[in-house]
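Text of run_27.pdb (PDB, C-alpha atoms, pLDDT in the B column) as supplied:
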ATOM      1  CA  MET A   1       8.018  29.712  48.270  1.00 48.00           C
ATOM      2  CA  ASP A   2       4.767  27.711  48.318  1.00 49.00           C
ATOM      3  CA  ARG A   3       1.877  28.247  45.894  1.00 46.00           C
ATOM      4  CA  ILE A   4      -0.254  30.339  48.284  1.00 42.00           C
ATOM      5  CA  THR A   5       2.623  32.683  49.125  1.00 46.00           C
ATOM      6  CA  THR A   6       3.560  32.982  45.454  1.00 44.00           C
ATOM      7  CA  ALA A   7       0.002  33.870  44.488  1.00 42.00           C
ATOM      8  CA  ILE A   8      -0.229  36.509  47.244  1.00 46.00           C
ATOM      9  CA  VAL A   9       3.074  38.073  46.231  1.00 44.00           C
ATOM     10  CA  GLY A  10       2.011  38.124  42.595  1.00 45.00           C
ATOM     11  CA  ALA A  11      -1.304  39.783  43.430  1.00 46.00           C
ATOM     12  CA  MET A  12       0.409  42.422  45.581  1.00 47.00           C
ATOM     13  CA  ILE A  13       2.903  43.228  42.824  1.00 46.00           C
ATOM     14  CA  THR A  14       0.103  43.612  40.321  1.00 48.00           C
ATOM     15  CA  ALA A  15      -1.965  45.822  42.640  1.00 49.00           C
ATOM     16  CA  VAL A  16       0.973  48.094  43.407  1.00 47.00           C
ATOM     17  CA  PHE A  17       1.876  48.421  39.747  1.00 47.00           C
ATOM     18  CA  LEU A  18      -1.668  49.241  38.719  1.00 46.00           C
ATOM     19  CA  ALA A  19      -2.024  51.820  41.449  1.00 48.00           C
ATOM     20  CA  PHE A  20       1.090  53.763  40.503  1.00 46.00           C
ATOM     21  CA  ALA A  21       1.291  53.194  36.752  1.00 46.00           C
ATOM     22  CA  PRO A  22       0.928  56.367  34.626  1.00 47.00           C
ATOM     23  CA  LEU A  23      -2.585  56.850  33.244  1.00 41.00           C
ATOM     24  CA  ASP A  24      -1.502  56.603  29.623  1.00 44.00           C
ATOM     25  CA  ALA A  25       0.214  53.295  30.348  1.00 41.00           C
ATOM     26  CA  GLN A  26      -2.570  51.669  32.362  1.00 45.00           C
ATOM     27  CA  ALA A  27      -4.457  50.614  29.235  1.00 53.00           C
ATOM     28  CA  ARG A  28      -1.354  48.775  28.067  1.00 64.00           C
ATOM     29  CA  ILE A  29      -0.409  46.956  31.259  1.00 82.00           C
ATOM     30  CA  LYS A  30       0.747  43.389  30.627  1.00 80.00           C
ATOM     31  CA  CYS A  31       1.049  40.681  33.237  1.00 83.00           C
ATOM     32  CA  TRP A  32       3.030  37.469  32.919  1.00 78.00           C
ATOM     33  CA  THR A  33       4.353  34.692  35.134  1.00 80.00           C
ATOM     34  CA  ASN A  34       8.096  34.506  35.707  1.00 80.00           C
ATOM     35  CA  ASN A  35      10.195  31.375  36.040  1.00 77.00           C
ATOM     36  CA  GLU A  36       9.518  31.262  39.797  1.00 77.00           C
ATOM     37  CA  GLY A  37       5.767  31.208  39.245  1.00 77.00           C
ATOM     38  CA  VAL A  38       5.319  34.825  40.397  1.00 79.00           C
ATOM     39  CA  ARG A  39       3.027  37.070  38.383  1.00 79.00           C
ATOM     40  CA  GLU A  40       4.696  40.283  37.253  1.00 81.00           C
ATOM     41  CA  CYS A  41       3.337  43.291  35.361  1.00 83.00           C
ATOM     42  CA  GLY A  42       4.749  46.034  33.206  1.00 80.00           C
ATOM     43  CA  ASN A  43       4.312  48.022  30.021  1.00 78.00           C
ATOM     44  CA  THR A  44       6.174  45.388  28.006  1.00 81.00           C
ATOM     45  CA  VAL A  45       6.782  41.707  28.457  1.00 80.00           C
ATOM     46  CA  PRO A  46      10.462  40.831  28.973  1.00 83.00           C
ATOM     47  CA  PRO A  47      11.946  38.948  25.991  1.00 78.00           C
ATOM     48  CA  GLU A  48      12.552  35.808  28.041  1.00 74.00           C
ATOM     49  CA  TYR A  49       8.800  35.548  28.753  1.00 71.00           C
ATOM     50  CA  ALA A  50       7.457  36.850  25.444  1.00 71.00           C
ATOM     51  CA  GLN A  51       6.861  33.360  24.065  1.00 73.00           C
ATOM     52  CA  LYS A  52       5.006  32.107  27.152  1.00 76.00           C
ATOM     53  CA  GLY A  53       1.860  34.192  26.831  1.00 73.00           C
ATOM     54  CA  HIS A  54       0.523  37.022  28.963  1.00 75.00           C
ATOM     55  CA  ARG A  55      -2.581  38.982  29.995  1.00 74.00           C
ATOM     56  CA  GLU A  56      -3.391  42.608  29.399  1.00 82.00           C
ATOM     57  CA  VAL A  57      -5.359  44.219  32.244  1.00 74.00           C
ATOM     58  CA  SER A  58      -7.304  47.469  32.685  1.00 69.00           C
ATOM     59  CA  LYS A  59      -6.886  50.094  35.420  1.00 65.00           C
ATOM     60  CA  GLN A  60      -9.349  48.163  37.531  1.00 61.00           C
ATOM     61  CA  GLY A  61      -7.299  44.977  37.223  1.00 65.00           C
ATOM     62  CA  ILE A  62      -9.806  43.365  34.833  1.00 70.00           C
ATOM     63  CA  THR A  63      -8.334  41.152  32.133  1.00 70.00           C
ATOM     64  CA  VAL A  64      -8.897  42.851  28.788  1.00 67.00           C
ATOM     65  CA  GLU A  65      -7.087  40.388  26.560  1.00 75.00           C
ATOM     66  CA  THR A  66      -5.266  37.106  26.976  1.00 75.00           C
ATOM     67  CA  LYS A  67      -2.535  36.096  24.596  1.00 73.00           C
ATOM     68  CA  GLY A  68      -1.516  32.462  24.660  1.00 67.00           C
ATOM     69  CA  ARG A  69       1.988  31.137  24.412  1.00 69.00           C
ATOM     70  CA  ALA A  70       3.689  30.900  21.060  1.00 70.00           C
ATOM     71  CA  LYS A  71       3.061  27.593  19.316  1.00 73.00           C
ATOM     72  CA  THR A  72       5.884  25.136  18.823  1.00 75.00           C
ATOM     73  CA  GLU A  73       7.154  24.202  15.367  1.00 81.00           C
ATOM     74  CA  GLU A  74       5.485  20.828  15.751  1.00 87.00           C
ATOM     75  CA  GLU A  75       2.123  22.428  16.582  1.00 80.00           C
ATOM     76  CA  LEU A  76       2.445  24.802  13.652  1.00 81.00           C
ATOM     77  CA  ALA A  77       3.284  21.883  11.357  1.00 89.00           C
ATOM     78  CA  ILE A  78       0.213  19.976  12.577  1.00 91.00           C
ATOM     79  CA  GLU A  79      -1.971  23.021  11.960  1.00 89.00           C
ATOM     80  CA  GLN A  80      -0.561  23.416   8.454  1.00 93.00           C
ATOM     81  CA  ARG A  81      -1.165  19.751   7.674  1.00 94.00           C
ATOM     82  CA  LYS A  82      -4.754  20.111   8.860  1.00 94.00           C
ATOM     83  CA  LYS A  83      -5.239  23.158   6.638  1.00 94.00           C
ATOM     84  CA  ASP A  84      -3.744  21.314   3.674  1.00 95.00           C
ATOM     85  CA  GLU A  85      -5.965  18.286   4.312  1.00 95.00           C
ATOM     86  CA  ASP A  86      -9.071  20.462   4.568  1.00 96.00           C
ATOM     87  CA  LYS A  87      -8.111  22.265   1.377  1.00 95.00           C
ATOM     88  CA  GLU A  88      -7.647  18.951  -0.436  1.00 96.00           C
ATOM     89  CA  LYS A  89     -11.004  17.666   0.826  1.00 96.00           C
ATOM     90  CA  GLN A  90     -12.674  20.826  -0.460  1.00 96.00           C
ATOM     91  CA  ARG A  91     -10.985  20.411  -3.849  1.00 96.00           C
ATOM     92  CA  ILE A  92     -12.124  16.784  -4.083  1.00 96.00           C
ATOM     93  CA  ALA A  93     -15.669  17.793  -3.117  1.00 96.00           C
ATOM     94  CA  ARG A  94     -15.709  20.470  -5.837  1.00 96.00           C
ATOM     95  CA  GLU A  95     -14.420  18.004  -8.421  1.00 96.00           C
ATOM     96  CA  ARG A  96     -17.028  15.429  -7.390  1.00 94.00           C
ATOM     97  CA  ALA A  97     -19.823  18.007  -7.604  1.00 95.00           C
ATOM     98  CA  LYS A  98     -18.632  19.065 -11.057  1.00 96.00           C
ATOM     99  CA  LYS A  99     -18.448  15.458 -12.261  1.00 95.00           C
ATOM    100  CA  ASP A 100     -21.900  14.712 -10.830  1.00 95.00           C
ATOM    101  CA  ARG A 101     -23.337  17.665 -12.718  1.00 95.00           C
ATOM    102  CA  VAL A 102     -21.777  16.503 -15.976  1.00 95.00           C
ATOM    103  CA  LEU A 103     -23.051  12.957 -15.391  1.00 95.00           C
ATOM    104  CA  LEU A 104     -26.630  14.114 -14.837  1.00 94.00           C
ATOM    105  CA  ASP A 105     -26.547  16.593 -17.716  1.00 94.00           C
ATOM    106  CA  THR A 106     -25.116  14.022 -20.146  1.00 95.00           C
ATOM    107  CA  PHE A 107     -27.327  11.008 -19.449  1.00 95.00           C
ATOM    108  CA  THR A 108     -31.098  11.085 -19.079  1.00 93.00           C
ATOM    109  CA  THR A 109     -31.424   7.395 -18.194  1.00 94.00           C
ATOM    110  CA  GLU A 110     -29.238   4.434 -17.317  1.00 94.00           C
ATOM    111  CA  ASP A 111     -29.803   3.088 -20.815  1.00 96.00           C
ATOM    112  CA  ASP A 112     -28.241   6.235 -22.295  1.00 96.00           C
ATOM    113  CA  LEU A 113     -25.148   5.623 -20.217  1.00 96.00           C
ATOM    114  CA  LEU A 114     -24.912   1.954 -21.198  1.00 96.00           C
ATOM    115  CA  LEU A 115     -25.445   2.724 -24.888  1.00 97.00           C
ATOM    116  CA  THR A 116     -22.641   5.271 -24.772  1.00 97.00           C
ATOM    117  CA  ARG A 117     -20.344   2.755 -23.095  1.00 97.00           C
ATOM    118  CA  ASP A 118     -21.117   0.020 -25.614  1.00 97.00           C
ATOM    119  CA  GLY A 119     -20.660   2.418 -28.524  1.00 97.00           C
ATOM    120  CA  LYS A 120     -17.207   3.457 -27.359  1.00 97.00           C
ATOM    121  CA  ILE A 121     -16.145  -0.139 -26.756  1.00 97.00           C
ATOM    122  CA  ARG A 122     -17.375  -1.177 -30.205  1.00 98.00           C
ATOM    123  CA  ALA A 123     -15.452   1.692 -31.816  1.00 98.00           C
ATOM    124  CA  ILE A 124     -12.252   0.497 -30.135  1.00 98.00           C
ATOM    125  CA  GLU A 125     -13.014  -3.098 -31.108  1.00 98.00           C
ATOM    126  CA  SER A 126     -13.325  -2.025 -34.735  1.00 98.00           C
ATOM    127  CA  ARG A 127      -9.829  -0.509 -34.596  1.00 97.00           C
ATOM    128  CA  ILE A 128      -8.521  -3.680 -32.968  1.00 98.00           C
ATOM    129  CA  GLN A 129      -9.990  -5.908 -35.666  1.00 98.00           C
ATOM    130  CA  HIS A 130      -8.646  -3.675 -38.423  1.00 98.00           C
ATOM    131  CA  THR A 131      -5.180  -3.786 -36.866  1.00 98.00           C
ATOM    132  CA  GLN A 132      -5.407  -7.544 -36.347  1.00 98.00           C
ATOM    133  CA  SER A 133      -6.135  -7.977 -40.057  1.00 98.00           C
ATOM    134  CA  ARG A 134      -3.031  -5.964 -40.796  1.00 97.00           C
ATOM    135  CA  VAL A 135      -0.998  -8.167 -38.433  1.00 98.00           C
ATOM    136  CA  ASN A 136      -2.297 -11.295 -40.145  1.00 98.00           C
ATOM    137  CA  GLY A 137      -1.189  -9.927 -43.497  1.00 97.00           C
ATOM    138  CA  LEU A 138       2.238  -8.991 -42.151  1.00 97.00           C
ATOM    139  CA  ARG A 139       2.651 -12.458 -40.659  1.00 97.00           C
ATOM    140  CA  ALA A 140       1.827 -14.027 -44.014  1.00 97.00           C
ATOM    141  CA  ASP A 141       4.394 -11.768 -45.690  1.00 97.00           C
ATOM    142  CA  LEU A 142       6.964 -12.649 -43.043  1.00 97.00           C
ATOM    143  CA  THR A 143       6.357 -16.373 -43.436  1.00 97.00           C
ATOM    144  CA  ALA A 144       6.769 -16.112 -47.200  1.00 96.00           C
ATOM    145  CA  MET A 145       9.916 -14.019 -46.855  1.00 95.00           C
ATOM    146  CA  GLN A 146      11.453 -16.394 -44.319  1.00 96.00           C
ATOM    147  CA  SER A 147      10.611 -19.374 -46.541  1.00 95.00           C
ATOM    148  CA  LYS A 148      12.297 -17.706 -49.497  1.00 94.00           C
ATOM    149  CA  ALA A 149      15.386 -16.973 -47.418  1.00 95.00           C
ATOM    150  CA  ALA A 150      15.516 -20.602 -46.266  1.00 94.00           C
ATOM    151  CA  GLN A 151      15.341 -21.830 -49.858  1.00 93.00           C
ATOM    152  CA  GLN A 152      18.264 -19.614 -50.794  1.00 90.00           C
ATOM    153  CA  GLU A 153      20.328 -20.968 -47.924  1.00 91.00           C
ATOM    154  CA  ARG A 154      19.498 -24.566 -48.882  1.00 90.00           C
ATOM    155  CA  GLY A 155      20.561 -23.750 -52.431  1.00 90.00           C
ATOM    156  CA  GLY A 156      23.913 -22.580 -51.163  1.00 90.00           C
ATOM    157  CA  ARG A 157      23.216 -18.904 -51.690  1.00 91.00           C
ATOM    158  CA  ALA A 158      23.659 -16.291 -48.961  1.00 92.00           C
ATOM    159  CA  VAL A 159      20.608 -14.322 -47.916  1.00 91.00           C
ATOM    160  CA  SER A 160      20.979 -10.764 -49.172  1.00 93.00           C
ATOM    161  CA  ALA A 161      21.216  -7.844 -46.784  1.00 93.00           C
ATOM    162  CA  GLU A 162      18.124  -6.387 -48.421  1.00 94.00           C
ATOM    163  CA  MET A 163      16.075  -9.499 -47.685  1.00 94.00           C
ATOM    164  CA  LYS A 164      17.329  -9.592 -44.097  1.00 95.00           C
ATOM    165  CA  GLY A 165      16.301  -5.963 -43.743  1.00 96.00           C
ATOM    166  CA  GLU A 166      12.817  -6.721 -45.056  1.00 95.00           C
ATOM    167  CA  ILE A 167      12.426  -9.616 -42.603  1.00 96.00           C
ATOM    168  CA  THR A 168      13.507  -7.397 -39.706  1.00 97.00           C
ATOM    169  CA  GLY A 169      11.163  -4.646 -40.858  1.00 97.00           C
ATOM    170  CA  LEU A 170       8.204  -7.048 -41.004  1.00 97.00           C
ATOM    171  CA  LYS A 171       8.947  -8.297 -37.481  1.00 97.00           C
ATOM    172  CA  ASN A 172       9.090  -4.711 -36.184  1.00 98.00           C
ATOM    173  CA  GLN A 173       5.777  -3.833 -37.831  1.00 98.00           C
ATOM    174  CA  ILE A 174       4.112  -6.898 -36.334  1.00 97.00           C
ATOM    175  CA  LYS A 175       5.446  -5.998 -32.882  1.00 98.00           C
ATOM    176  CA  GLN A 176       4.259  -2.391 -33.148  1.00 98.00           C
ATOM    177  CA  ASN A 177       0.780  -3.390 -34.301  1.00 98.00           C
ATOM    178  CA  GLU A 178       0.462  -6.022 -31.587  1.00 98.00           C
ATOM    179  CA  GLY A 179       1.460  -3.380 -29.036  1.00 98.00           C
ATOM    180  CA  PHE A 180      -1.276  -1.128 -30.429  1.00 98.00           C
ATOM    181  CA  ILE A 181      -3.825  -3.919 -29.995  1.00 98.00           C
ATOM    182  CA  GLU A 182      -2.691  -4.532 -26.415  1.00 98.00           C
ATOM    183  CA  GLN A 183      -3.121  -0.849 -25.567  1.00 98.00           C
ATOM    184  CA  ARG A 184      -6.613  -0.772 -27.078  1.00 98.00           C
ATOM    185  CA  ARG A 185      -7.592  -3.836 -25.025  1.00 98.00           C
ATOM    186  CA  LYS A 186      -6.461  -2.011 -21.887  1.00 98.00           C
ATOM    187  CA  GLU A 187      -8.420   1.031 -23.008  1.00 98.00           C
ATOM    188  CA  GLN A 188     -11.550  -1.103 -23.297  1.00 98.00           C
ATOM    189  CA  GLU A 189     -11.091  -2.461 -19.773  1.00 97.00           C
ATOM    190  CA  GLU A 190     -10.540   1.051 -18.395  1.00 97.00           C
ATOM    191  CA  LEU A 191     -13.706   2.226 -20.136  1.00 97.00           C
ATOM    192  CA  ARG A 192     -15.708  -0.635 -18.641  1.00 97.00           C
ATOM    193  CA  ALA A 193     -14.392   0.190 -15.155  1.00 97.00           C
ATOM    194  CA  GLN A 194     -15.043   3.915 -15.628  1.00 96.00           C
ATOM    195  CA  PHE A 195     -18.607   3.385 -16.815  1.00 96.00           C
ATOM    196  CA  GLU A 196     -19.218   0.910 -14.011  1.00 97.00           C
ATOM    197  CA  ASP A 197     -18.261   3.630 -11.508  1.00 96.00           C
ATOM    198  CA  ASP A 198     -20.338   6.189 -13.398  1.00 96.00           C
ATOM    199  CA  LEU A 199     -23.364   3.904 -13.397  1.00 96.00           C
ATOM    200  CA  LYS A 200     -23.057   3.296  -9.664  1.00 96.00           C
ATOM    201  CA  ARG A 201     -22.777   7.029  -8.970  1.00 95.00           C
ATOM    202  CA  TYR A 202     -25.620   7.802 -11.375  1.00 95.00           C
ATOM    203  CA  ARG A 203     -27.905   5.442  -9.457  1.00 94.00           C
ATOM    204  CA  GLU A 204     -26.850   7.046  -6.158  1.00 94.00           C
ATOM    205  CA  LEU A 205     -27.635  10.535  -7.457  1.00 94.00           C
ATOM    206  CA  LYS A 206     -31.015   9.455  -8.777  1.00 91.00           C
ATOM    207  CA  ALA A 207     -31.806   7.773  -5.448  1.00 91.00           C
ATOM    208  CA  MET A 208     -31.099  11.137  -3.766  1.00 90.00           C
ATOM    209  CA  GLY A 209     -33.549  12.808  -6.118  1.00 85.00           C
ATOM    210  CA  ARG A 210     -30.889  14.654  -8.088  1.00 79.00           C
ATOM    211  CA  ARG A 211     -31.784  15.752 -11.608  1.00 77.00           C
TER     212      ARG A 211
END
So, in terms of structure tokens, how does the structure I just supplied come out?
Amino acid sequence: MDRITTAIVGAMITAVFLAFAPLDAQARIKCWTNNEGVRECGNTVPPEYAQKGHREVSKQGITVETKGRAKTEEELAIEQRKKDEDKEKQRIARERAKKDRVLLDTFTTEDDLLLTRDGKIRAIESRIQHTQSRVNGLRADLTAMQSKAAQQERGGRAVSAEMKGEITGLKNQIKQNEGFIEQRRKEQEELRAQFEDDLKRYRELKAMGRR
């Protein structure tokens, strides 16, 4: 059956159905296309065509509503990803707006921002120097303890377990304090990077006339 014949047959079927359908059913008439390409109508869409979409028509044969085919799992997944992406973009925008507000409320000028940065870095540097002094003292104690142990060995005496324990303890303390210093150095670098970003954003906001 060619396309023209199929269309004519479909139209005739629809017209006949609409003409003889009960009045209370005419408002609920649904039309769909079967596997042969012929349009069919009825009060309900057959299960095998339910996922392909259909039209609902009035008594006069006018389309009242069109329902598209059911979406595939892949299409639904794409839609969900898009919703998730949009939601994440909105969250990021809210976080940025909140951070911008805090930035403008906290600092009146660029100098205020730089002074705050330098103050925090100096505070960390003070802790580093204090810890470094402690390390220097521990190293001096370790050197003295190791020298004493060496003298005992040269004198033919075994190094006591207590002295060995003290040497190990000093080494552990030095390691822990050096690790603390390393972490504070990283903290300083992170602060510099953070304030660099804040300064750049602050200038952008001021250029936009934000207050």
Quiz item: Of the residues A:Asn43, A:Gln173, A:Thr106, A:Ser133, which is the one nearest to A:Val57, using all atoms listed in the file?
Solution: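 Nearest to A:Val57: A:Asn43.
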Quiz item: What gap, in Å, lies between atom CA of A:Cys31 and atom CA of A:Arg55?
Solution: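 Atom CA of A:Cys31 sits 5.2 Å away from atom CA of A:Arg55.
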Practice problem: Give as a list in words each residue that has an atom at most 12 Å from (-15.9, 4.0, -15.6) in the file, counting all atoms listed in the file. | Solution: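 Collected hits near the coordinates: Leu103, Leu113, Leu114, Thr116, Arg117, Asp118, Lys120, Ile121, Glu187, Gln188, Glu189, Glu190, Leu191, Arg192, Ala193, Gln194, Phe195, Glu196, Asp197, Asp198, Leu199, Lys200, Arg201 and Tyr202 of chain A.
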Practice problem: Would you kindly translate the PyMOL selection byres ((chain A and resi 132) around 12) into the concrete residues it picks from this file, as a PyMOL selection string? | Solution: chain A and resi 125-131+133-139+173-182+184
Quiz prompt | Atomic distance atom CA of A:Tyr49 - atom CA of A:Thr66, expressed in Å with one decimal | solution = 14.3 Å
Self-check item: Residues selected by the PyMOL selection byres ((chain A and resi 56) around 6), written as an MDAnalysis selection string
Solution: chainID A and resid 29:30 55 57 63:65
